[in-house]
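**Student:** Quick one: the structure is below, questions incoming.
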Amino acid sequence: MFTYHLELALRSFKRNKALTALMVLAIALGIGASMTTLTVLHVLSGDPLPGKSQTLFVPQLDPQNMENYRAEGEPPDQVTWIDGMNLLRSKRADHQVLMTAGTVAVQPSQSNLDPFYLDARYTTADFFGMFDVPLLFGHGWSAIDDDNKARVAVITRSLNDKLFGGKDSTGQMLQLGDSGLRIVGVLDRWRPNPHFYDLATGSYAESEDVFVPLTTARDLKLGRNGSMDCWGGHTEDHLETAPCTWLQLWVQLDSSDKAATYKQYLKHYSQEQMTLGRFVRPSNVRLRDLMGWLDYQSVVPSDVQLQTWLAFGFLLVCLVNTVGLMLAKFMRRAGELGVRRALGASKRSLFAQLLVESAVIGLSGGIGGLVLAFFGLWEVRQRPSSYATLAHLDMSMLLTTFLLALGASIVAGLLPAWRACQITPALQLKSN
């Protein structure tokens, strides 16, 4: 029966080529615009660590002085060296990471390569395990290496390809300025999206190329970058003792009970620091999970959200126009439908055939919309925005495109098909 309805639909398209083309074009334009913006929104608002994000949290404390104090204000996004080390060494979480961003000067041993600068991450040992960082060769370093300020490093696959031709470089030396560090691990391809663990360096920035123990970086005085907030007239000199927030702290808490217990610990720690005279503001702590942190930081650009709503509004306009075109097309065939009713065709059969026509138009529009979406995403990737290169259609979005096109066209065809099926056969035969 479906084959029969499909054959009749194809014959109908041949008789009304211009009208059919207009309906396909209207659906294609609406689907193309909406899927382009929806894909960008899907990429930007995705979970960077599916299945684990609900166990990762950002602790926040408020160690600042009373200048510009506001009750119920948000504490700083980062922590001081003293607080970071205190919370790290307390080991109240299942895992914890303290880190900051930096820049290093690489001195290649190869004579054909000039020295160059790279982004670096100065972090503690749990970074690789906590964030499920894939390793191609070797392994990360240990907590003992952190304590001993070990001269070790982990590099990315791209840097390994550049310096060592893609071979296993563990055990080789990496020269950073005047200091040599032994390579203990090589990352596989890894680019969390968004760059959740340090949004200050760019919400959709690429992963750093060199990873060094935080204590080692401070001991070697490697270049630091990223945001910093100092108060009381202090500057970034002697950061280990200065009242400055400049480190990112993340903890892993594997259950909701552990998260509640850790938040209580943060409150007790804050009160303890007030007793010691370090904190002067009333206790003000936060503990947001990864997705809550991204929402709090408003990571998804507001213009992308607005464009998505506008695109779906445009799709609605296209569907309204498609309804009008389908209604005109079906009503022009009133004589044909009346004759078929008189010859014994049921309303259900006619309704099914008209919906098949709508579905075929929708699938054709979906293919056209997919082509337009590819061109739209290509245009997005040409933009200078940091997230532009991430925009691409995956299999789930391809399926969504076709389902949206099919569903939209069927919905658009319901009213015209129903109206066409209400035609009285006798009146049509008399007029003919």
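Residue numbering restarts at 1 in every chain; chains get A, B, ... in the order shown in the structure tokens, and ligands count up from 1 in that same order.
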So that I can check the surroundings of Leu22 (chain A), please list as a PyMOL selection string every protein, DNA and RNA residue that reaches within 10 Å of it, counting only C-alpha atoms and ignoring chain neighbours fewer than 3 positions away.
**Tutor:** chain A and resi 17-19+25-28+321-322+325+365
**Student:** For Gly46 (chain A), work out the shell of residues within 10 Å, counting only C-alpha atoms and skipping chain neighbours fewer than 6 positions away, then give it as a PyMOL selection string.
**Tutor:** chain A and resi 192-194+291+300
**Student:** Skip Val285 (chain A) itself and residues of its chain fewer than 3 positions away, then list as a PyMOL selection string all residues within 7 Å of it, counting only C-alpha atoms.
**Tutor:** chain A and resi 60-62+75+266-267
**Student:** Keeping only N, CA and C atoms, write those residues as a short mmCIF file (atom, residue, chain, number, x, y, z; two decimals), in the first residue's frame.
**Tutor:**
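Output file result.cif is given in full below:
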```
data_model
loop_
_atom_site.label_atom_id
_atom_site.label_comp_id
_atom_site.auth_asym_id
_atom_site.auth_seq_id
_atom_site.Cartn_x
_atom_site.Cartn_y
_atom_site.Cartn_z
N GLN A 60 34.74 27.16 46.13
CA GLN A 60 34.98 28.60 46.16
C GLN A 60 34.97 29.10 47.61
N LEU A 61 35.97 29.92 47.91
CA LEU A 61 36.09 30.56 49.23
C LEU A 61 36.19 32.05 49.03
N ASP A 62 36.01 32.81 50.11
CA ASP A 62 36.13 34.27 50.01
C ASP A 62 37.16 34.79 51.00
N PRO A 75 31.84 34.52 45.84
CA PRO A 75 33.27 34.46 46.15
C PRO A 75 34.09 34.39 44.87
N LEU A 266 34.20 22.96 53.83
CA LEU A 266 34.59 24.29 53.35
C LEU A 266 34.11 25.38 54.31
N LYS A 267 32.90 25.23 54.82
CA LYS A 267 32.39 26.22 55.79
C LYS A 267 33.23 26.22 57.06
#
```
**Student:** How close does each residue of region 194-263 of chain A get to region 183-189 of chain A, giving the shortest atom pair and distance in Å to one decimal for every residue with an atom at most 12 Å away, counting only C-alpha atoms, sorted by chain and residue number, as a Markdown table?
**Tutor:**
```
| residue | atom | partner | partner_atom | distance |
| --- | --- | --- | --- | --- |
| A:Glu206 | CA | A:Arg189 | CA | 10.8 |
| A:Ser207 | CA | A:Arg189 | CA | 9.4 |
| A:Glu208 | CA | A:Leu187 | CA | 10.5 |
| A:Asp209 | CA | A:Leu187 | CA | 9.0 |
| A:Val210 | CA | A:Val186 | CA | 9.5 |
| A:Phe211 | CA | A:Gly185 | CA | 9.5 |
| A:Val212 | CA | A:Ile183 | CA | 9.8 |
| A:Pro213 | CA | A:Val184 | CA | 11.7 |
```
**Student:** Create the file for the chosen residues now, containing N, CA, C and O atoms and written as an mmCIF file, in the first residue's frame.
**Tutor:**
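So result_1.cif came out as:
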```
data_model
loop_
_atom_site.group_PDB
_atom_site.id
_atom_site.type_symbol
_atom_site.label_atom_id
_atom_site.label_comp_id
_atom_site.auth_asym_id
_atom_site.auth_seq_id
_atom_site.Cartn_x
_atom_site.Cartn_y
_atom_site.Cartn_z
ATOM 1 N N GLU A 206 42.109 25.414 22.877
ATOM 2 C CA GLU A 206 42.674 24.086 22.710
ATOM 3 C C GLU A 206 43.460 23.704 23.957
ATOM 4 O O GLU A 206 43.862 24.553 24.752
ATOM 5 N N SER A 207 43.695 22.415 24.105
ATOM 6 C CA SER A 207 44.456 21.926 25.253
ATOM 7 C C SER A 207 45.893 22.426 25.189
ATOM 8 O O SER A 207 46.454 22.639 24.108
ATOM 9 N N GLU A 208 46.492 22.627 26.355
ATOM 10 C CA GLU A 208 47.888 23.041 26.416
ATOM 11 C C GLU A 208 48.797 21.932 25.877
ATOM 12 O O GLU A 208 48.412 20.763 25.840
ATOM 13 N N ASP A 209 50.020 22.295 25.499
ATOM 14 C CA ASP A 209 50.934 21.327 24.894
ATOM 15 C C ASP A 209 51.923 20.719 25.873
ATOM 16 O O ASP A 209 52.497 19.667 25.591
ATOM 17 N N VAL A 210 52.149 21.380 27.004
ATOM 18 C CA VAL A 210 53.111 20.884 27.982
ATOM 19 C C VAL A 210 52.463 20.918 29.365
ATOM 20 O O VAL A 210 51.847 21.918 29.745
ATOM 21 N N PHE A 211 52.611 19.818 30.115
ATOM 22 C CA PHE A 211 52.069 19.709 31.468
ATOM 23 C C PHE A 211 53.237 19.452 32.428
ATOM 24 O O PHE A 211 54.020 18.521 32.225
ATOM 25 N N VAL A 212 53.330 20.312 33.449
ATOM 26 C CA VAL A 212 54.454 20.273 34.391
ATOM 27 C C VAL A 212 53.890 20.310 35.808
ATOM 28 O O VAL A 212 52.882 20.985 36.057
ATOM 29 N N PRO A 213 54.514 19.589 36.762
ATOM 30 C CA PRO A 213 54.057 19.697 38.158
ATOM 31 C C PRO A 213 54.060 21.152 38.628
ATOM 32 O O PRO A 213 54.990 21.911 38.337
#
```
**Student:** Considering only C-alpha atoms, state which residue in the set A:Phe131, A:Tyr197, A:Tyr69, A:Tyr117 is at the smallest distance from Met99 (chain A).
**Tutor:**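 Ranking A:Phe131, A:Tyr197, A:Tyr69, A:Tyr117 by distance to Met99 (chain A), first place goes to A:Tyr197.
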**Student:** So the first atom is CA of Leu355 (chain A) and the second is CA of Gly313 (chain A); what is the distance between them in Å, to one decimal place?
**Tutor:**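 Interatomic distance, CA of Leu355 (chain A) to CA of Gly313 (chain A): 23.9 Å.
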**Student:** Residues near Gly140 (chain A), anyone? I mean within 12 Å using only C-alpha atoms, not counting same-chain ones fewer than 5 positions away, as a ChimeraX atom specification.
**Tutor:** /A:123-130,132-135,145-146,152-156,170,182-187,210-213
**Student:** Keeping only C-alpha atoms, write the selected residues to a file as a tab-separated table (two decimals), in the first residue's frame.
**Tutor:**
```tsv
chain	number	residue	atom	x	y	z
A	123	THR	CA	49.13	21.14	37.78
A	124	THR	CA	49.17	18.43	40.42
A	125	ALA	CA	49.28	14.69	39.86
A	126	ASP	CA	45.53	13.86	39.84
A	127	PHE	CA	44.88	15.98	36.74
A	128	PHE	CA	45.16	13.11	34.26
A	129	GLY	CA	43.05	10.61	36.19
A	130	MET	CA	40.38	13.07	37.33
A	132	ASP	CA	40.04	11.12	32.00
A	133	VAL	CA	42.94	12.41	29.94
A	134	PRO	CA	43.96	9.73	27.37
A	135	LEU	CA	47.65	8.82	27.24
A	145	ASP	CA	56.83	13.90	42.28
A	146	ASP	CA	54.72	16.91	43.30
A	152	VAL	CA	59.22	15.73	34.76
A	153	ALA	CA	56.71	16.66	32.07
A	154	VAL	CA	53.87	15.28	29.96
A	155	ILE	CA	53.52	16.53	26.39
A	156	THR	CA	50.79	16.34	23.77
A	170	THR	CA	59.12	8.78	27.30
A	182	ARG	CA	62.25	14.23	31.59
A	183	ILE	CA	59.19	13.26	29.54
A	184	VAL	CA	57.12	10.65	31.41
A	185	GLY	CA	53.99	10.65	29.26
A	186	VAL	CA	52.50	11.64	25.92
A	187	LEU	CA	48.82	12.61	25.63
A	210	VAL	CA	53.11	20.88	27.98
A	211	PHE	CA	52.07	19.71	31.47
A	212	VAL	CA	54.45	20.27	34.39
A	213	PRO	CA	54.06	19.70	38.16
```
